[in-house]
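Input: a single structure, listed below in structure tokens.
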Amino acid sequence: MNLIATIACRNNSARLYAKPLQILQTKTVLDFLIFQLKERKEIKDIVLAISEAPGNEAFIDYAKQRDIPYILGDDTDVLKRLINACKKVGGDTVFRITSESPFPYLEGLPEAVETYDLKGSDYLCYAKLPDGCNFELISLSALEKSHANGEKKHRSELCTLYINENKDQFQIDVLNIDESLQRPSYRLTIDYPEDLILCRKIVNALGGDSAYIPYKNLIQFLDDNPKVRGIVENLENENYVRPYY
């Protein structure tokens, strides 16, 4: 398997501009995410899938300054950008996580890769993680099939919707973490200023943004600090893409 982390990047939020380039403590959200992904031997390369629409030049500069491969593509066709990003470096499987997710559940990556290979998965993810901690492993062929057969909505940021709407066409596998660590009601993605405040508090409390923060530590901190957790509990956005599992 040639597993490629493809990260879609575009400035399209009126709620919090350039979310991935906001500072956590000493690193931007995107820097912190990429720093963690580079530590994983399972991931062969990282490619930014940048919107070619005006206003996204900062991501091009970011990629060039850090010598990270990137591609440019249609602003609304996120799926095609992910496909082209994977192909750019000879990948056959996409590791997908959003650019606004600083706390991926990377402890689960070895089991995910092993299961994906063993079962010949087209799509694999974990269930019942906090919003923002999950990741998806998706075969390039499944993404190409989704693009060819899907509609406009399937090519948007809902780029795995076609797979999850047509489960009979794909090998889909969903893993579970220990029940004691399942927190699907928790929110650890960045879409609003309040989300950024929460993530900064976590980073400051758990040793900073210079090292991976273990998932158990995240959960323990949020369990122990309901007032901190409450910063984002009432956020609503009807257009927000929620996890499938």
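Please note that chains go A, B, ... in the order of the structure tokens, that every chain numbers its residues from 1, and that ligands are numbered from 1 in the order shown.
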
Check: Which parts of segment 66-97 of chain A does DSSP call helix (DSSP H, G or I) when run on the backbone here, written out as a PyMOL selection string?
Finding: chain A and resi 78-88

Checklist line | Close residues, segment 115-130 of chain A itself excluded, 10 Å, only C-alpha atoms, min 2 positions apart in chain, as number ranges by chain | finding: A: 1, 93-96, 103-105, 108-113, 132-143, 160, 163-164, 167, 169-179, 181-189, 215, 219, 243-245

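The space separating atom CA of Phe35 of chain A from atom CA of Pro69 of chain A comes to 14.7 Å.
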
Note to self: as a PyMOL selection string, please: every residue in segment 79-240 of chain A that a backbone DSSP assignment puts in strand (DSSP E).
What the structure shows: chain A and resi 93-96+123-127+136-139+172-176

Okay, now the selection with C-alpha atoms, as an mmCIF file, in the first residue's frame?
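Here's the written file selection-v1.cif:
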data_model
loop_
_atom_site.group_PDB
_atom_site.id
_atom_site.type_symbol
_atom_site.label_atom_id
_atom_site.label_comp_id
_atom_site.auth_asym_id
_atom_site.auth_seq_id
_atom_site.Cartn_x
_atom_site.Cartn_y
_atom_site.Cartn_z
ATOM 1 C CA THR A 93 -4.698 4.825 -0.992
ATOM 2 C CA VAL A 94 -5.745 8.138 0.547
ATOM 3 C CA PHE A 95 -5.385 8.969 4.222
ATOM 4 C CA ARG A 96 -8.051 11.627 4.565
ATOM 5 C CA TYR A 123 -13.053 2.461 2.814
ATOM 6 C CA LEU A 124 -12.112 2.222 6.474
ATOM 7 C CA CYS A 125 -12.579 4.477 9.479
ATOM 8 C CA TYR A 126 -13.190 4.359 13.223
ATOM 9 C CA ALA A 127 -16.552 4.871 14.893
ATOM 10 C CA GLU A 136 -10.475 7.682 6.659
ATOM 11 C CA LEU A 137 -8.478 5.257 4.536
ATOM 12 C CA ILE A 138 -9.889 5.184 1.005
ATOM 13 C CA SER A 139 -8.697 3.336 -2.064
ATOM 14 C CA ILE A 172 -16.461 -0.844 3.933
ATOM 15 C CA ASP A 173 -14.919 -1.575 7.313
ATOM 16 C CA VAL A 174 -15.540 0.345 10.528
ATOM 17 C CA LEU A 175 -13.356 -0.154 13.596
ATOM 18 C CA ASN A 176 -14.287 0.539 17.207
#

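What separates atom CA of Leu72 of chain A from atom CA of Lys41 of chain A is a distance of 26.2 Å.
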
Item checked: Selection near Val78 of chain A, 6 Å with only C-alpha atoms, sequence-local residues under 4 positions removed, as a list in words ->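 With the cut-off at 6 Å, the set is Arg155, Ser156 and Glu157 of chain A.
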
Next item on the list: Would you please work out which residue, of A:Gly150, A:Thr98, A:Val228, A:Asn12, is nearest to Glu165 of chain A when using only C-alpha atoms?
Entry: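 Checking each of A:Gly150, A:Thr98, A:Val228, A:Asn12 against Glu165 of chain A, counting only C-alpha atoms, the winner is A:Gly150.
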
Note to self: Env of Arg15 of chain A: 10 Å cut, atoms = only C-alpha atoms, seq-sep filter 4 positions within chain, self excluded. Answer as a PyMOL selection string.
What the structure shows: chain A and resi 19+191-193

Restricting it to C-alpha atoms, dump the selection as a PDB file, in the first residue's frame.
ATOM      1  CA  LYS A  19      -8.649  28.119   9.827  1.00  0.00           C
ATOM      2  CA  ASP A 191     -14.794  25.801  12.400  1.00  0.00           C
ATOM      3  CA  TYR A 192     -15.599  28.678  14.771  1.00  0.00           C
ATOM      4  CA  PRO A 193     -13.473  30.964  16.947  1.00  0.00           C
TER       5      PRO A 193
END

Margin query: Rounded to one decimal, what separation in Å do you get between atom CA of Arg242 of chain A and atom CA of Glu100 of chain A?
Written below: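 Atom CA of Glu100 of chain A lies at a distance of 13.3 Å from atom CA of Arg242 of chain A.
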